[in-house]
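Only one structure is covered here, and it is reproduced in the block below.
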Amino acid sequence: MPSGPSPIITLTTDFGLADHYVAAMKGAVLRHCPGARLVDVTHGIARHDILGGSIMVERAIDVFEPGTIHLAVIDPGVGTDRRILVARIRNQLLICPDNGVITWAWRRQGPAQVHELTWRPAATSATFHGRDILAPVAGMLAAGRDLAAFTRVMDDPILLPIAPAAALNEGRIIHIDHFGNAMTNIPLDLLRQSPAAKVAIGGRMIGPIRTTYAQAPIGQPLALIGSSGMVEIAVREASAAQELDLRIGDAVELA
Amino acid sequence: MPSGPSPIITLTTDFGLADHYVAAMKGAVLRHCPGARLVDVTHGIARHDILGGSIMVERAIDVFEPGTIHLAVIDPGVGTDRRILVARIRNQLLICPDNGVITWAWRRQGPAQVHELTWRPAATSATFHGRDILAPVAGMLAAGRDLAAFTRVMDDPILLPIAPAAALNEGRIIHIDHFGNAMTNIPLDLLRQSPAAKVAIGGRMIGPIRTTYAQAPIGQPLALIGSSGMVEIAVREASAAQELDLRIGDAVELA
Amino acid sequence: MPSGPSPIITLTTDFGLADHYVAAMKGAVLRHCPGARLVDVTHGIARHDILGGSIMVERAIDVFEPGTIHLAVIDPGVGTDRRILVARIRNQLLICPDNGVITWAWRRQGPAQVHELTWRPAATSATFHGRDILAPVAGMLAAGRDLAAFTRVMDDPILLPIAPAAALNEGRIIHIDHFGNAMTNIPLDLLRQSPAAKVAIGGRMIGPIRTTYAQAPIGQPLALIGSSGMVEIAVREASAAQELDLRIGDAVELA
């Protein structure tokens, strides 16, 4: 096996799986760090959906160990002068364009120490900085190169206007998963202040917070604390998004 | 590279690839066994399709070496008191909910020595035992921890009412693949007793068992022994499922 | 970790991700070379789309290091006597059926030294040579076995009638990616001879070659040099394939 360091490097993109783009990034990482252990988070982020990428990479930071490096490339501004960030969060590194992808990790896993990438390769394409810039930097950092050699400190990353709910009237749907379960921005902490609160959505009463899917009859909706520690709206053994016609941004009422 | 053991751990789920769920399981495995070699079987099992997951993980057990650990998480009962199994089959381990996912491996690769998982983490979500229980157990077993420390022996796993055909009138379609080829439950062994048998489906004659796709004209159906060692219905260079309107459960006539 | 060699082995297929087929190939590789580092290029090649597979595997050869082994299995002729190739290109190996999959690597990354695979296993299925022949050979070569022991030299691989444009009137669309960007066969080299050339397609003027997506207004088409070093037709923040109704094979006019 390759000698030398072998950090985990995760990848989150909107590239899809039909092209060679993800492999091109992996090749660039492995060139600099042959022992890197690569883990795909998802490449199914909707085209240019910065919020979606932001939430997925925060979930990855939540589950991986100190020392992990996360590459998150949702990059509609590729080829412009938008900055590229390297952020240290929970002793992990997040490498991403400065377009808001950092937001959910910043809000949920912060504080973050943020750096602007100053390194650029001798030649770069105008359309694929993931392969030409972000992945090589991930590989070099994984191989043990010093962050300060590539970056300068900054403190004003672009953040999306989305945050964990701090009051009962701030609930929103922020993600809909493969099963049609709707994740909200309502953290368990907030609920602890109002343990008897009932959840409604679009005027439809869902009910109190349950502890498992099995507490609702099959085909009926329920609210519970999802695996992310946030309130989740589900329909037992069906798609809540479809049955309740839910969309990202919908208000979630708590009372 | 990480020192220590490095078993292969495969993953079969109905999670899809649009979320972070698969990566969350991989993070949990790697926390306990940094050298684990992770191989995805598929995450495209239809939601809650226990039979489909059962067949895919049996195919994985068929191809991997002794010492491999298979995680199969199709788990509509997550959060209820359904048991979790660790089964030893062909010197490999299968970790899965006790809901029938073990069935096809039990029937085709058995006998299995089955254990009920008794270990639980200090805290677990109600909705994602794959990340919170099954993957950590896979990681700990991969790292060399003793199975007996986590489990107790049992002998009554839930099995689906499906089995390899033992007589010519028991043929059924059990899986339809990406190419539209239909895998049946008719093993090569059974055919050896009736080598001249012809295959029909829904009253439509397909013909005798061929040895390669090329023995049928383009666009025409044929039956042959597929890569799983079972009779397969195909249409040369087209989708048999679509051309012949095949569905899982359809009877396959042999005479 | 496994001791011994650990080459990178990439996989490009039309198998999709819903079945166990990709994992079956990986299991066969790992049986012969436990330390192999496996990287998926794509399994989303359209069924039997040899040209599409050819372009994707050329992109992989472009980005990976000497010593990498590429498996490309788009194999409508499986089970017939079509040959299997092992080609040495840029000090990498490409293992694929002799049906034209080698074409784009041959044209863009050549010259290639081509061998016909003579090794066959004791038993093989008629429908899955990827698992039974190509993957084991990749694993054995990865483990350090000598190429000459498996192959004989040949010089007449099947090539598709497609090549990089050598004149301004030879432009064609050869690939459409996940974002709807259309890759052409027009290399940067050819453009250097006519730097002021304008691009049109189906009689619609696209304009001169731009350097970044941001040089077009949102929703407007542009031509630029894509990450492959070829002219690419894009629509800023939208799908060129959809907006301009582009298809593989369409002529691209340069004047």
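Lettering and numbering for the structure tokens are positional, with chains as A, B, ... in the shown order, residues counted from 1 in each chain, and ligands counted from 1 in the shown order.
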
Exercise for review: Would you give me, as a ChimeraX atom specification, the residues of chain B that come within 10 Å of chain A, using only C-alpha atoms?
Suggested key: /B:1-2,14-28,30-31,34-38,47-48,76-80,124-129,131-132

Point to revise | All strand (DSSP E or B) positions in range 16-242 of chain B, as a PyMOL selection string | key: chain B and resi 37-42+69-73+84-89+92-97+112-117+151-154+172-176+182-187+198-201+204-210+221-225+230-235+238

Point to revise | alpha helix (DSSP H) call set, DSSP backbone run, range 63-172 of chain A, as an NGL selection string | key: :A and (63 or 103-109 or 129 or 135-142)

Check your understanding: For the atom pair CA of Gln113 in chain A and CA of Ala166 in chain A, what is the interatomic distance in Å to one decimal place?
Key -> 23.5 Å

Practice item. Find the residues near Pro157 in chain A: any atom within 12 Å, counting only C-alpha atoms, skip ones fewer than 5 places away on the same chain, and give them as an MDAnalysis selection string. Key: chainID A and resid 82:87 96:103 106 112:116

**Study point:** Given only C-alpha atoms as the counted atoms, nearest of A:Leu190, A:Ala122, A:Ala135, A:Ala196 to Cys33 in chain A
**Key:**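 With only C-alpha atoms as the atom set, the closest residue is A:Ala135.
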
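In this structure, CA of Thr13 in chain A sits 4.8 Å away from CA of Val73 in chain A.
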
For Ile162 in chain C, list every protein, DNA or RNA residue within 12 Å, evaluated using only C-alpha atoms, and leave out those in the same chain fewer than 5 positions away; present the list as a short mmCIF file (atom, residue, chain, number, x, y, z; two decimals) with C-alpha atoms, in the first residue's frame.
```
data_model
loop_
_atom_site.label_atom_id
_atom_site.label_comp_id
_atom_site.auth_asym_id
_atom_site.auth_seq_id
_atom_site.Cartn_x
_atom_site.Cartn_y
_atom_site.Cartn_z
CA ILE C 50 -19.39 2.35 -27.09
CA LEU C 51 -18.59 5.91 -28.19
CA GLY C 52 -19.70 7.33 -24.84
CA SER C 54 -14.65 5.54 -25.22
CA ILE C 55 -14.73 9.25 -24.43
CA GLY C 100 -14.16 0.41 -30.43
CA VAL C 101 -14.04 1.41 -26.76
CA ILE C 102 -10.34 2.12 -27.24
CA THR C 103 -11.00 4.67 -30.02
CA TRP C 104 -10.87 8.04 -28.30
CA ALA C 105 -7.85 7.12 -26.12
CA TRP C 106 -6.11 5.84 -29.25
CA ARG C 107 -6.78 9.10 -31.11
CA ARG C 108 -6.04 11.52 -28.29
CA GLU C 170 -14.89 18.58 -39.42
CA GLY C 171 -16.42 19.75 -36.13
CA ARG C 172 -18.97 17.48 -34.42
CA ILE C 173 -20.59 17.20 -31.01
CA ILE C 174 -19.22 14.03 -29.41
CA THR C 184 -16.94 18.78 -29.54
CA ASN C 185 -14.10 17.04 -31.34
CA ILE C 186 -12.41 20.40 -32.08
CA ILE C 248 -24.35 13.85 -30.41
CA GLY C 249 -23.19 13.90 -34.02
#
```
